[in-house]
$ cat input.cif   # mmCIF, C-alpha atoms
data_final
loop_
_atom_site.label_atom_id
_atom_site.label_comp_id
_atom_site.auth_asym_id
_atom_site.auth_seq_id
_atom_site.Cartn_x
_atom_site.Cartn_y
_atom_site.Cartn_z
CA ALA V 1 55.31 171.19 70.97
CA ALA V 2 55.40 170.09 74.55
CA LYS V 3 58.38 168.15 75.80
CA PRO V 4 57.63 164.93 77.64
CA ALA V 5 58.42 165.03 81.32
CA ALA V 6 61.67 163.33 82.26
CA ALA V 7 61.17 160.16 84.25
CA LYS V 8 62.21 160.51 87.87
CA PRO V 9 64.66 157.86 89.09
CA ALA V 10 63.11 155.58 91.66
CA ASP V 11 64.55 156.17 95.12
CA ASP V 12 63.20 152.92 96.57
CA ASP V 13 66.16 150.83 95.30
CA ASP V 14 68.67 152.82 97.37
CA ASP V 15 68.01 150.69 100.43
CA LEU V 16 68.49 147.41 98.49
CA ASP V 17 72.07 146.24 99.08
CA LEU V 18 72.66 143.00 97.21
CA PHE V 19 76.33 142.68 98.14
CA GLY V 20 76.19 144.03 101.67
CA SER V 21 76.70 142.01 104.78
CA ASP V 22 74.01 140.90 107.12
CA ASP V 23 75.27 141.25 110.68
CA ASP V 24 72.18 139.73 112.29
CA GLY V 25 73.40 136.09 112.37
CA ASP V 26 77.15 136.68 112.11
CA ASP V 27 78.01 135.27 115.54
CA GLU V 28 75.73 132.28 115.05
CA HIS V 29 77.26 131.63 111.62
CA LYS V 30 80.80 131.71 113.04
CA LYS V 31 79.77 129.39 115.86
CA MET V 32 78.20 126.94 113.40
CA ILE V 33 81.31 126.94 111.19
CA ALA V 34 83.54 126.35 114.23
CA GLU V 35 81.38 123.38 115.33
CA LYS V 36 81.44 121.84 111.84
CA THR V 37 85.21 122.31 111.59
CA LYS V 38 85.66 120.65 114.97
CA ALA V 39 83.50 117.71 113.90
CA VAL V 40 85.44 117.25 110.65
CA LEU V 41 88.78 117.34 112.48
CA ALA V 42 87.50 114.76 114.97
CA ARG V 43 86.45 112.43 112.13
CA GLN V 44 89.84 112.84 110.43
CA ALA V 45 91.67 112.07 113.68
CA ALA V 46 89.71 108.82 113.98
CA TYR V 47 91.04 107.64 110.59
CA THR V 48 94.75 108.30 111.20
CA ASN V 49 95.97 104.68 111.38
CA LYS V 50 93.32 103.08 109.21
CA ASP V 51 95.57 102.37 106.21
CA LYS V 52 94.59 99.23 104.37
CA SER V 53 95.58 97.23 101.33
CA SER V 54 93.17 95.46 98.99
CA ILE V 55 94.37 92.25 97.37
CA VAL V 56 92.65 90.07 94.77
CA LEU V 57 93.62 86.40 94.88
CA ASP V 58 93.26 84.35 91.69
CA ILE V 59 93.05 80.63 92.49
CA LYS V 60 93.23 78.38 89.44
CA PRO V 61 92.15 74.73 89.73
CA TRP V 62 94.16 71.78 88.46
CA ASP V 63 91.21 70.61 86.34
CA ASP V 64 87.46 70.99 86.00
CA THR V 65 86.72 68.42 88.72
CA THR V 66 88.14 70.58 91.54
CA ASP V 67 85.42 71.66 93.98
CA MET V 68 85.91 75.43 94.04
CA ALA V 69 83.27 75.99 96.77
CA ALA V 70 85.23 73.73 99.14
CA MET V 71 88.44 75.47 98.06
CA GLU V 72 86.94 78.87 98.90
CA ALA V 73 85.80 77.67 102.33
CA GLU V 74 89.28 76.34 103.15
CA ILE V 75 90.99 79.54 101.95
CA ARG V 76 88.70 81.76 104.02
CA LYS V 77 89.12 79.56 107.08
CA MET V 78 92.89 79.34 107.00
CA PHE V 79 95.48 82.01 106.27
CA PRO V 80 99.17 81.74 106.64
CA GLY V 81 99.88 78.30 108.03
CA GLY V 82 96.30 77.68 109.16
CA LEU V 83 96.23 80.50 111.72
CA GLU V 84 93.31 82.81 112.31
CA VAL V 85 94.55 86.33 111.63
CA SER V 86 93.10 89.56 113.03
CA GLY V 87 93.44 92.51 110.69
CA LEU V 88 92.36 90.43 107.69
CA ALA V 89 88.91 90.90 106.20
CA TRP V 90 87.71 88.64 103.42
CA GLY V 91 85.55 90.28 100.77
CA ALA V 92 83.50 89.11 97.83
CA SER V 93 84.36 86.14 95.66
CA LYS V 94 83.34 84.97 92.24
CA LEU V 95 84.03 82.20 89.76
CA VAL V 96 85.49 83.44 86.49
CA PRO V 97 85.48 81.14 83.43
CA ILE V 98 88.95 80.44 81.99
CA ALA V 99 88.41 77.88 79.23
CA TYR V 100 86.66 74.58 78.48
CA GLY V 101 84.43 74.71 81.54
CA VAL V 102 87.29 75.42 83.95
CA LYS V 103 86.66 78.34 86.29
CA LYS V 104 89.10 80.18 88.52
CA LEU V 105 88.18 81.58 91.91
CA GLN V 106 88.75 85.29 92.61
CA ILE V 107 88.64 86.43 96.25
CA LEU V 108 89.04 89.98 97.51
CA LEU V 109 90.71 90.47 100.86
CA THR V 110 91.55 93.58 102.83
CA ILE V 111 94.57 93.79 105.08
CA TYR V 112 94.67 96.48 107.76
CA ASP V 113 98.26 97.68 107.74
CA ASP V 114 98.42 98.66 111.41
CA LYS V 115 97.83 95.00 112.41
CA ILE V 116 99.51 93.16 109.51
CA SER V 117 102.24 94.45 107.22
CA SER V 118 101.40 93.81 103.60
#

$ encode --input "input.cif" --output "structure tokens"
Amino acid sequence: AAKPAAAKPADDDDDLDLFGSDDDGDDEHKKMIAEKTKAVLARQAAYTNKDKSSIVLDIKPWDDTTDMAAMEAEIRKMFPGGLEVSGLAWGASKLVPIAYGVKKLQILLTIYDDKISS
């Protein structure tokens, strides 16, 4: 009986290096990483003193006849003692039902801590 010939190992996979390094774009890759790192550090430096506080004001009316739209306009226009304040940003508002047709006003405001201490 003839023995089957042993299969020869393929030599063409010797030049395939899956985990090797590719030195062709190494300098370009390092340069790109350095530029991205520099850009990220520049963005982070821009946000150093940008601390802010978010506050939600709940304004409850005396009764259901209070004009909450006029109340909102007056609150947005005037803040402490009727003064215009820089460093204060008014956000969204909404009317939230409490009971028996009475609605409270919720207003979001953002205070920038470097201009106003909260």

$ closest_residue --input "input.cif" --among "V:Ser93, V:Thr37, V:Ser53, V:Thr65" --to "Thr110 (chain V)" --atoms "only C-alpha atoms"
V:Ser53

$ resolve_selection --input "input.cif" --expression "the PyMOL selection byres ((chain V and resi 101) around 10)" --output "VMD selection string"
chain V and resid 63 to 65 97 to 100 102 to 103

$ atom_distance --input "input.cif" --atom1 "CA of Lys36 (chain V)" --atom2 "CA of Lys52 (chain V)"
27.2 Å

$ residues_near_point --input "input.cif" --point "(86.0, 74.6, 95.4)" --cutoff "12 Å" --atoms "all atoms listed in the file" --output "list in words"
Ile59, Lys60, Pro61, Trp62, Asp63, Asp64, Thr65, Thr66, Asp67, Met68, Ala69, Ala70, Met71, Glu72, Ala73, Glu74, Ile75, Arg76, Ser93, Lys94, Leu95, Val102, Lys103, Lys104, Leu105 and Gln106 of chain V

$ atom_distance --input "input.cif" --atom1 "CA of Ala42 (chain V)" --atom2 "CA of His29 (chain V)"
20.0 Å

$ resolve_selection --input "input.cif" --expression "the PyMOL selection byres ((chain V and resi 108) around 10)" --output "list in words"
Ser54, Ile55, Val56, Leu57, Asp58, Ala89, Trp90, Gly91, Ala92, Ser93, Lys94, Gln106, Ile107, Leu109 and Thr110 of chain V

$ atom_distance --input "input.cif" --atom1 "CA of Asp113 (chain V)" --atom2 "CA of Val96 (chain V)"
28.6 Å
